[in-house]
Amino acid sequence: MASRRGVVFGIAAFAAGVMSIRYARSFLEPLPEFQDLTDPVGFREISGGPSSTGFDPFVGLADPNERTRLRTPSDVRQNLCKALFGETDENFGFVPLASFSDYYCPYCRVQTKRLAGLAEQLGAGVKVVWHELPLLGDTSMLAAKAALAAKRQGAYVQFHERLLSSPFQATPEYLQLLAESLDLDHARLVSDMESKDVLQELDTSSILSEIFGFIGTPALVVGRTVIQGQISDRNLLKIIDLERSEGWAQVC
């Protein structure tokens with residue numbers, strides 16, 4: 001019996017040792033090297049983990065009379081930081097994170113939930129701005145429009161969470177049930193989905209993705225650091241600390 005216990009304790013100790021080594025390695029693992037961007041000047045980039053590419057399964061089926069954008073790259077570049085991070089406090093006492101995601105990107109679902117938890121954990125130390133970047137087809141676009149329309153009724157966070165936790169169905173019946181479950185005005189939601197404000201917001205996020213060269217989602221801009229793909233919480237916290245100490249606001 002004693003020898004059996006010894007074997008069990010030995011296995012447990014070995015497993016604990018392996019786990020501690022793995023943890024130490026991941027903790028001490030350095031960030032990937034930064035590469036300065038030539039455009040926009042002042043920003044830098046690193047590569048993250050996997051992402052959903054911007055392949056559009058509806059390619060070739062788009063309306064030949066596709067609408068003209070309501071915002072242009074020059075409009076967005078006039079105040080790039082405001083387009084990325086919204087209004088910023090003059091003392092810059094926080095580190096802003098601009099998150100670009102698609103509701104049909106599986107990696108986005110994971111990273112978005114983690115970002116929301118991180119924002120709650122760090123409180124006023126960070127500011128997360130959510131950008132809708134629907135790259136995966138018509139249904140992604142409808143989900144993005146619906147979320148931004150819900151934002152006009154003060155329910156973006158609730159709508160955002162609902163879409164991330166359940167499959168979005170691009171039907172009038174689904175939208176009505178979803179609106180009613182959140183006490184939203186369904187008629188207004190449907191109308192706002194094609195409103196100028198919603199379309200301009202989508203245009204801004206799309207243009208920002210082109211400026212920073214995003215080819216898929218998720219993507220992040222943390223202060224002046226651009227990240228394509230998933231990133232671990234540990235490395236994200238390192239970048240936030242680095243942006244705070246180096247003064248991210250120099251690019252703004």
# chains A, B, ... in the order shown; residues from 1 in each chain; ligands from 1
>>> residues_around(residues="segment 199-212 of chain A", least_positions_apart="2", cutoff="6 Å", atoms="only C-alpha atoms", output="PDB file with N, CA, C and O atoms, in the first residue's frame")
ATOM      1  N   LEU A  70     -19.979  56.038 -47.398  1.00  0.00           N
ATOM      2  CA  LEU A  70     -20.353  57.347 -46.880  1.00  0.00           C
ATOM      3  C   LEU A  70     -19.170  58.045 -46.225  1.00  0.00           C
ATOM      4  O   LEU A  70     -19.246  59.232 -45.917  1.00  0.00           O
ATOM      5  N   HIS A 131     -15.203  47.321 -32.810  1.00  0.00           N
ATOM      6  CA  HIS A 131     -15.430  47.612 -34.228  1.00  0.00           C
ATOM      7  C   HIS A 131     -16.014  46.373 -34.902  1.00  0.00           C
ATOM      8  O   HIS A 131     -15.455  45.275 -34.779  1.00  0.00           O
ATOM      9  N   LYS A 196     -27.995  55.973 -42.011  1.00  0.00           N
ATOM     10  CA  LYS A 196     -26.720  56.591 -42.391  1.00  0.00           C
ATOM     11  C   LYS A 196     -25.685  56.418 -41.288  1.00  0.00           C
ATOM     12  O   LYS A 196     -24.516  56.126 -41.565  1.00  0.00           O
ATOM     13  N   ASP A 197     -26.100  56.574 -40.022  1.00  0.00           N
ATOM     14  CA  ASP A 197     -25.155  56.465 -38.910  1.00  0.00           C
ATOM     15  C   ASP A 197     -24.528  55.073 -38.838  1.00  0.00           C
ATOM     16  O   ASP A 197     -23.316  54.936 -38.645  1.00  0.00           O
ATOM     17  N   PHE A 214      -5.464  44.656 -42.145  1.00  0.00           N
ATOM     18  CA  PHE A 214      -6.054  43.446 -41.584  1.00  0.00           C
ATOM     19  C   PHE A 214      -6.599  42.560 -42.697  1.00  0.00           C
ATOM     20  O   PHE A 214      -7.339  43.023 -43.561  1.00  0.00           O
TER      21      PHE A 214
END
>>> select_by_dssp(residues="segment 108-243 of chain A", states="alpha helix (DSSP H)", output="ChimeraX atom specification")
/A:108-122,138-151,156-165,172-181,186-192,196-211,233-243
>>> closest_residue(among="A:Arg244, A:Ala83, A:Leu164, A:Ala249", to="Arg71 of chain A", atoms="only C-alpha atoms")
A:Ala83
>>> atom_distance(atom1="atom CA of Pro40 of chain A", atom2="atom CA of Asp75 of chain A")
14.4 Å
>>> closest_residue(among="A:Glu161, A:Asp185, A:Glu132, A:Asp39", to="Lys113 of chain A", atoms="only C-alpha atoms")
A:Glu161
>>> closest_residue(among="A:Arg188, A:Lys238, A:Arg114, A:Arg67", to="Leu175 of chain A", atoms="only C-alpha atoms")
A:Arg188
>>> select_by_dssp(residues="segment 80-248 of chain A", states="strand (DSSP E)", output="JSON, numbers by chain")
{"A": [95, 96, 97, 98, 99, 100, 101, 126, 127, 128, 129, 130, 131, 132, 216, 217, 219, 220, 221, 222, 225, 226, 227, 228]}
>>> residues_around(residues="segment 99-111 of chain A", least_positions_apart="5", cutoff="8 Å", atoms="only C-alpha atoms", output="VMD selection string")
chain A and resid 50 to 52 128 to 136 140 143 to 144 163 to 164 205 217 to 221 230 to 231
>>> write_last_selection(atoms="N, CA, C and O atoms", output="compact mmCIF listing (two decimals), in the first residue's frame")
# COMPACT_ATOMS: atom_id res chain seq x y z
N PRO A 50 -3.99 32.43 -34.57
CA PRO A 50 -4.85 32.17 -35.72
C PRO A 50 -5.94 33.22 -35.88
O PRO A 50 -6.33 33.89 -34.93
N SER A 51 -6.43 33.35 -37.09
CA SER A 51 -7.54 34.26 -37.37
C SER A 51 -8.38 33.68 -38.50
O SER A 51 -7.93 32.80 -39.23
N SER A 52 -9.61 34.18 -38.60
CA SER A 52 -10.48 33.80 -39.72
C SER A 52 -10.18 34.74 -40.87
O SER A 52 -10.24 35.96 -40.71
N VAL A 128 -11.91 49.72 -24.02
CA VAL A 128 -12.10 48.86 -25.19
C VAL A 128 -13.17 49.45 -26.09
O VAL A 128 -14.26 49.80 -25.64
N VAL A 129 -12.82 49.60 -27.37
CA VAL A 129 -13.76 50.09 -28.37
C VAL A 129 -13.99 48.94 -29.36
O VAL A 129 -13.03 48.38 -29.90
N TRP A 130 -15.27 48.60 -29.58
CA TRP A 130 -15.60 47.45 -30.42
C TRP A 130 -15.89 47.92 -31.85
O TRP A 130 -16.72 48.80 -32.06
N HIS A 131 -15.20 47.32 -32.81
CA HIS A 131 -15.43 47.61 -34.23
C HIS A 131 -16.01 46.37 -34.90
O HIS A 131 -15.46 45.27 -34.78
N GLU A 132 -17.11 46.57 -35.60
CA GLU A 132 -17.70 45.48 -36.38
C GLU A 132 -16.97 45.39 -37.72
O GLU A 132 -16.92 46.36 -38.47
N LEU A 133 -16.40 44.21 -38.00
CA LEU A 133 -15.70 44.00 -39.27
C LEU A 133 -16.22 42.72 -39.92
O LEU A 133 -15.59 41.67 -39.85
N PRO A 134 -17.40 42.78 -40.54
CA PRO A 134 -18.02 41.59 -41.12
C PRO A 134 -17.38 41.19 -42.45
O PRO A 134 -17.69 41.76 -43.49
N LEU A 135 -16.49 40.21 -42.39
CA LEU A 135 -15.75 39.79 -43.58
C LEU A 135 -16.22 38.46 -44.15
O LEU A 135 -15.77 38.04 -45.21
N LEU A 136 -17.12 37.78 -43.43
CA LEU A 136 -17.43 36.39 -43.77
C LEU A 136 -18.78 36.20 -44.44
O LEU A 136 -19.42 35.17 -44.30
N SER A 140 -22.87 37.74 -41.81
CA SER A 140 -22.00 38.51 -40.93
C SER A 140 -22.36 39.99 -40.99
O SER A 140 -22.39 40.69 -39.97
N ALA A 143 -25.60 40.65 -39.10
CA ALA A 143 -25.39 40.61 -37.65
C ALA A 143 -24.74 41.90 -37.17
O ALA A 143 -25.12 42.46 -36.13
N ALA A 144 -23.75 42.39 -37.93
CA ALA A 144 -23.07 43.63 -37.56
C ALA A 144 -24.04 44.81 -37.58
O ALA A 144 -24.06 45.64 -36.66
N LEU A 163 -25.43 37.72 -29.45
CA LEU A 163 -24.97 37.22 -30.74
C LEU A 163 -23.74 36.32 -30.58
O LEU A 163 -23.56 35.37 -31.35
N LEU A 164 -22.91 36.62 -29.59
CA LEU A 164 -21.71 35.82 -29.38
C LEU A 164 -22.01 34.48 -28.72
O LEU A 164 -21.23 33.54 -28.83
N SER A 205 -14.93 51.39 -39.73
CA SER A 205 -14.20 50.19 -39.33
C SER A 205 -13.56 49.49 -40.53
O SER A 205 -12.44 48.98 -40.44
N THR A 217 -10.08 38.36 -39.02
CA THR A 217 -10.44 38.69 -37.65
C THR A 217 -10.13 37.50 -36.74
O THR A 217 -10.15 36.36 -37.21
N PRO A 218 -9.82 37.73 -35.45
CA PRO A 218 -9.82 39.02 -34.78
C PRO A 218 -8.56 39.82 -35.08
O PRO A 218 -7.55 39.28 -35.53
N ALA A 219 -8.66 41.13 -34.84
CA ALA A 219 -7.52 42.03 -34.95
C ALA A 219 -7.66 43.07 -33.85
O ALA A 219 -8.76 43.38 -33.41
N LEU A 220 -6.51 43.58 -33.41
CA LEU A 220 -6.50 44.55 -32.32
C LEU A 220 -5.54 45.68 -32.64
O LEU A 220 -4.52 45.48 -33.31
N VAL A 221 -5.87 46.87 -32.13
CA VAL A 221 -4.89 47.95 -32.04
C VAL A 221 -4.86 48.35 -30.58
O VAL A 221 -5.86 48.83 -30.03
N GLN A 230 -5.31 36.03 -32.86
CA GLN A 230 -5.49 35.89 -31.42
C GLN A 230 -4.21 36.20 -30.66
O GLN A 230 -3.11 36.02 -31.19
N ILE A 231 -4.37 36.65 -29.42
CA ILE A 231 -3.21 36.88 -28.56
C ILE A 231 -3.57 36.43 -27.16
O ILE A 231 -4.73 36.57 -26.72
>>> atom_distance(atom1="atom CA of Glu173 of chain A", atom2="atom CA of Arg152 of chain A")
20.4 Å
>>> closest_residue(among="A:Leu184, A:Ala116, A:Leu122, A:Ala179", to="Asp241 of chain A", atoms="only C-alpha atoms")
A:Leu122
>>> closest_residue(among="A:Gln158, A:Phe168, A:Gly49, A:Ala124", to="Gly216 of chain A", atoms="only C-alpha atoms")
A:Gly49
